[in-house]
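Inspection log for the structure reproduced underneath, given as structure tokens.
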Amino acid sequence: MEWSIGESGVRYTAKLSDSEGTLSLGALTRDGHEAPHSEIGITRDSQGARLLVEIDGSAHIAHVAKVGDDWWIHINGRIHVVHGHEPGSADSAAGEGGLTAPMPGTILEVHAKAGQRVREGQTLLVMEAMKMEHRIQAPKAGEVLSVNFAEGERVDMGATLVELGD
Amino acid sequence: MIPDWMTSASRQFDTVLVANRGEIAVRVLRAAKESGLRGVAVYSDPDTGSLHVENADQAVHLPGTTLADTYLNADAIIEAARSTGAQAIHPGFGFLSERADFANAVKAAGLIWIGPPADAINTMGDKISARRCMIESGVPVIPGEEISMGGDSDHLGVLAAAAARVGYPLLLKASAGGGGKGMRAVHEPKMLRTEYEAAAREATAAFGDGTVYVERLLKGARHVEIQVLADSNGNCIHLNERDCSLQRRHQKVIEEAPSPAVTPTIREAMGDAAVQAAKAVDYEGAGTVEFLLSDRGEFFFLEMNTRLQVEHPVTEMITGIDIVQKQFEVAAGLPLGLSQSDIGIIGHAMEARIYAEDPSKGFLPAIGDLAMWRAPAGPGIRVDTGVREGDAVTVDFDPMLAKLIVHAPTRTAAARRLDNALSDLRALGVITNIGFLRQMTTHPDFISGGITTDYLDSRDVSDFAEPEPDPATLVAIAAAASRFGLDRAGSGLSESFVDEHTGHSGDPFRTLSRSFP
């Protein structure tokens, strides 16, 4: 399994060795290269969603929950999301051509048309979701390949709104 | 059965219907129970089995898919009161709470309205009449005027002329707006058209009214509001101020009491002005008079909220007064039983609003299932929430999940307690603003108490980015959790903990998470 953290596209793998119920981190790779790491040993707690995590000799408690392919982790007062990826699967993170609807909602304004060149940060669409307006902006400069919705249309979460090429 | 405290009251009731949902419905239903009253909830389809239904003695389903069919359906709600024997209706905040026609309909049905007189709602609900009323009663107001956007006339021309008279920078507000919706700051004339169109659209989408109010935007001001309580015998007092200066796009983020910017002299003058404002509209019950406080110590009336306020708990913490209980007493016709000299300030309280939203994506509302929801507890910590572990967070309603309130002897101690309580709040499965709130409560600008209402909007959210985690630890935990098969154990709870009635997983003996001062 490959892992990525939060919004970062960096892929990690972890090699764990089992010794009497404690899993120790033997090796960590970062985008395919061996990376340095602390000494980490993890034991299952009697309470199902809790792990005992020893980092360089000091003990911490992590609370975890699995949602889809993601592990949600609460440790040391912070909440993190670690995404699981099948090895070799394509990176679905931003930076690809498609701009998707972050929430279900309604398209209010269309400011781009196919063939138009746009600059980074330019507003392409304005949509309304949960009674607030959200601007859909170009993540990079490029040419608009297609605009898939018109003003007033309802869109589902994840719908591709605009295709952006180089 | 009429509770003991009500036996001498002129308007008695033993059952309250709460015409709301989420955390405020839970708050009012629990207060009813504590006051010896029966609580009736109403709920729409997405709220079947929700926490507010669980906290009611009886619950009435409101059929339909839109808010107009359900939580805004005055007829259905009054009918629900009738069918369950509820003699009183508490509207909470939002929804029907500031609708004078609803207040009148409740009374016309022979029921007790737990709120102010309809005339007070009307006068204060319209920004222009509120302003006129305040000027007449000697309460200071900000320069501004209302624009009537009638029909197909040259409304932009009218607006531009009014804007020039008021002066830039200015604030555009939809007369019927609220909660930051339909409100836009305009810093220069060339932005007027764009911002007007956005404000009008938001207001129409949310409230069905496109009228606009233009007001001078005071830079570097604080939002300070006074909680008032009035009874039906003409007594009116205030419970000191709350400071709600930390806002993002006019949506409050952290509130506190007392305000670090208010001196005893300002407190007395502002308190007097608030009582004056309430008396000017023959107010009854709990209300809030909002002011802008300039860096020179001048204050101006913003608006009066004729209802319970989201941030009422911080006032309860520092005064020891249960405001919802007081609302019940006033509605029953009882005197306040408090005079101004009884009201003190004990320590310092802060409230952080926990939203399902993603600060790294422009605070976009987030959805999902709360795979884990464990609220913090301890001395001086109060959590008012409408959600439980396993609940779904959807786009149907407001993204506020809970309010985390702390109370401590000093402001510094309260800020530390808030940060610590936030770090203990384990909300997994839905992206929240908890990390952002922690950065905020520990930020030197917040600690120093110098935050003004334009603070957050003038800064980049990356200023409040959380510290970078150690990837090795997180990846090792994810890999180990998978190896241990924790994903197959659901949220870590065994099958036997799934409640067969609600389908919720969780400890059936878990304590309710709200503790009261």
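Letters for chains follow the order of the structure tokens (A, B, ...), residue numbers begin at 1 for each chain, and ligand numbers begin at 1 in the order shown.
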**Lys15 of chain A surroundings by only C-alpha atoms, 8 Å radius, close-in-sequence under 4 positions cut, as a list in words** =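 In the requested format, the answer is Leu25, Gly26, Ala27 and Leu28 of chain A.
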**Request:** Quick one: everything within 7 Å of segment 106-113 of chain A, counting only C-alpha atoms, minus sequence neighbours fewer than 4 positions away in the same chain. Send it as a list in words.
**Result:**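 Counting only C-alpha atoms, the residues come to Thr123, Leu124, Leu125, Val126, Met127, Glu128, Ala129, Val144, Ser146, Val147, Ala150, Glu151, Gly152, Glu153, Arg154 and Val155 of chain A.
Using only C-alpha atoms, the residues found no farther than 7 Å from Ile431 of chain B, other than those of its own chain fewer than 4 positions away, are B:Ala356, B:Glu357, B:Asp358, B:Ala366.
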Write the residues you've just listed into a file as a PDB file, in the first residue's frame, and include C-alpha atoms for each of them.
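Done, and the output landed in result_33.pdb:
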```
ATOM      1  CA  ALA B 356     -17.428  21.253   9.297  1.00  0.00           C
ATOM      2  CA  GLU B 357     -15.324  23.262   6.863  1.00  0.00           C
ATOM      3  CA  ASP B 358     -11.903  23.151   5.257  1.00  0.00           C
ATOM      4  CA  ALA B 366     -17.217  19.794   4.410  1.00  0.00           C
TER       5      ALA B 366
END
```
**Request:** From segment 261-404 of chain B, collect each residue whose DSSP state is strand (DSSP E) and return the set as a ChimeraX atom specification.
**Result:** /B:285-293,299-305,348-355,357-358,364-365,368-369,372-374,381-385,392-393,400-404
**Message:** At a cut-off of 9 Å, which residues of chain B touch chain A? Count only C-alpha atoms and give the answer as a PyMOL selection string.
**Reply:** chain B and resi 181+198+202-203+205-206+362+364-367+369+371-372+395-399+420+422-429+434-435+466+469-484+486-494
**Message:** When DSSP is applied to the backbone of this structure, which of segment 151-336 of chain B are assigned alpha helix (DSSP H)? Write them out as an MDAnalysis selection string.
**Reply:** chainID B and resid 155:166 192:207 264:280 312:319 323:331
**Request:** Name the residues in contact with Asp166 of chain A at a cut-off of 9 Å, using only C-alpha atoms, excluding same-chain residues fewer than 5 positions from it; report them as a count of residues only.
**Result:** 6
**Message:** If I take atom CA of Ala138 of chain A and atom CA of Gly368 of chain B, how far is one from the other in Å, to one decimal?
**Reply:**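 That distance, rounded to one decimal, is 26.1 Å.
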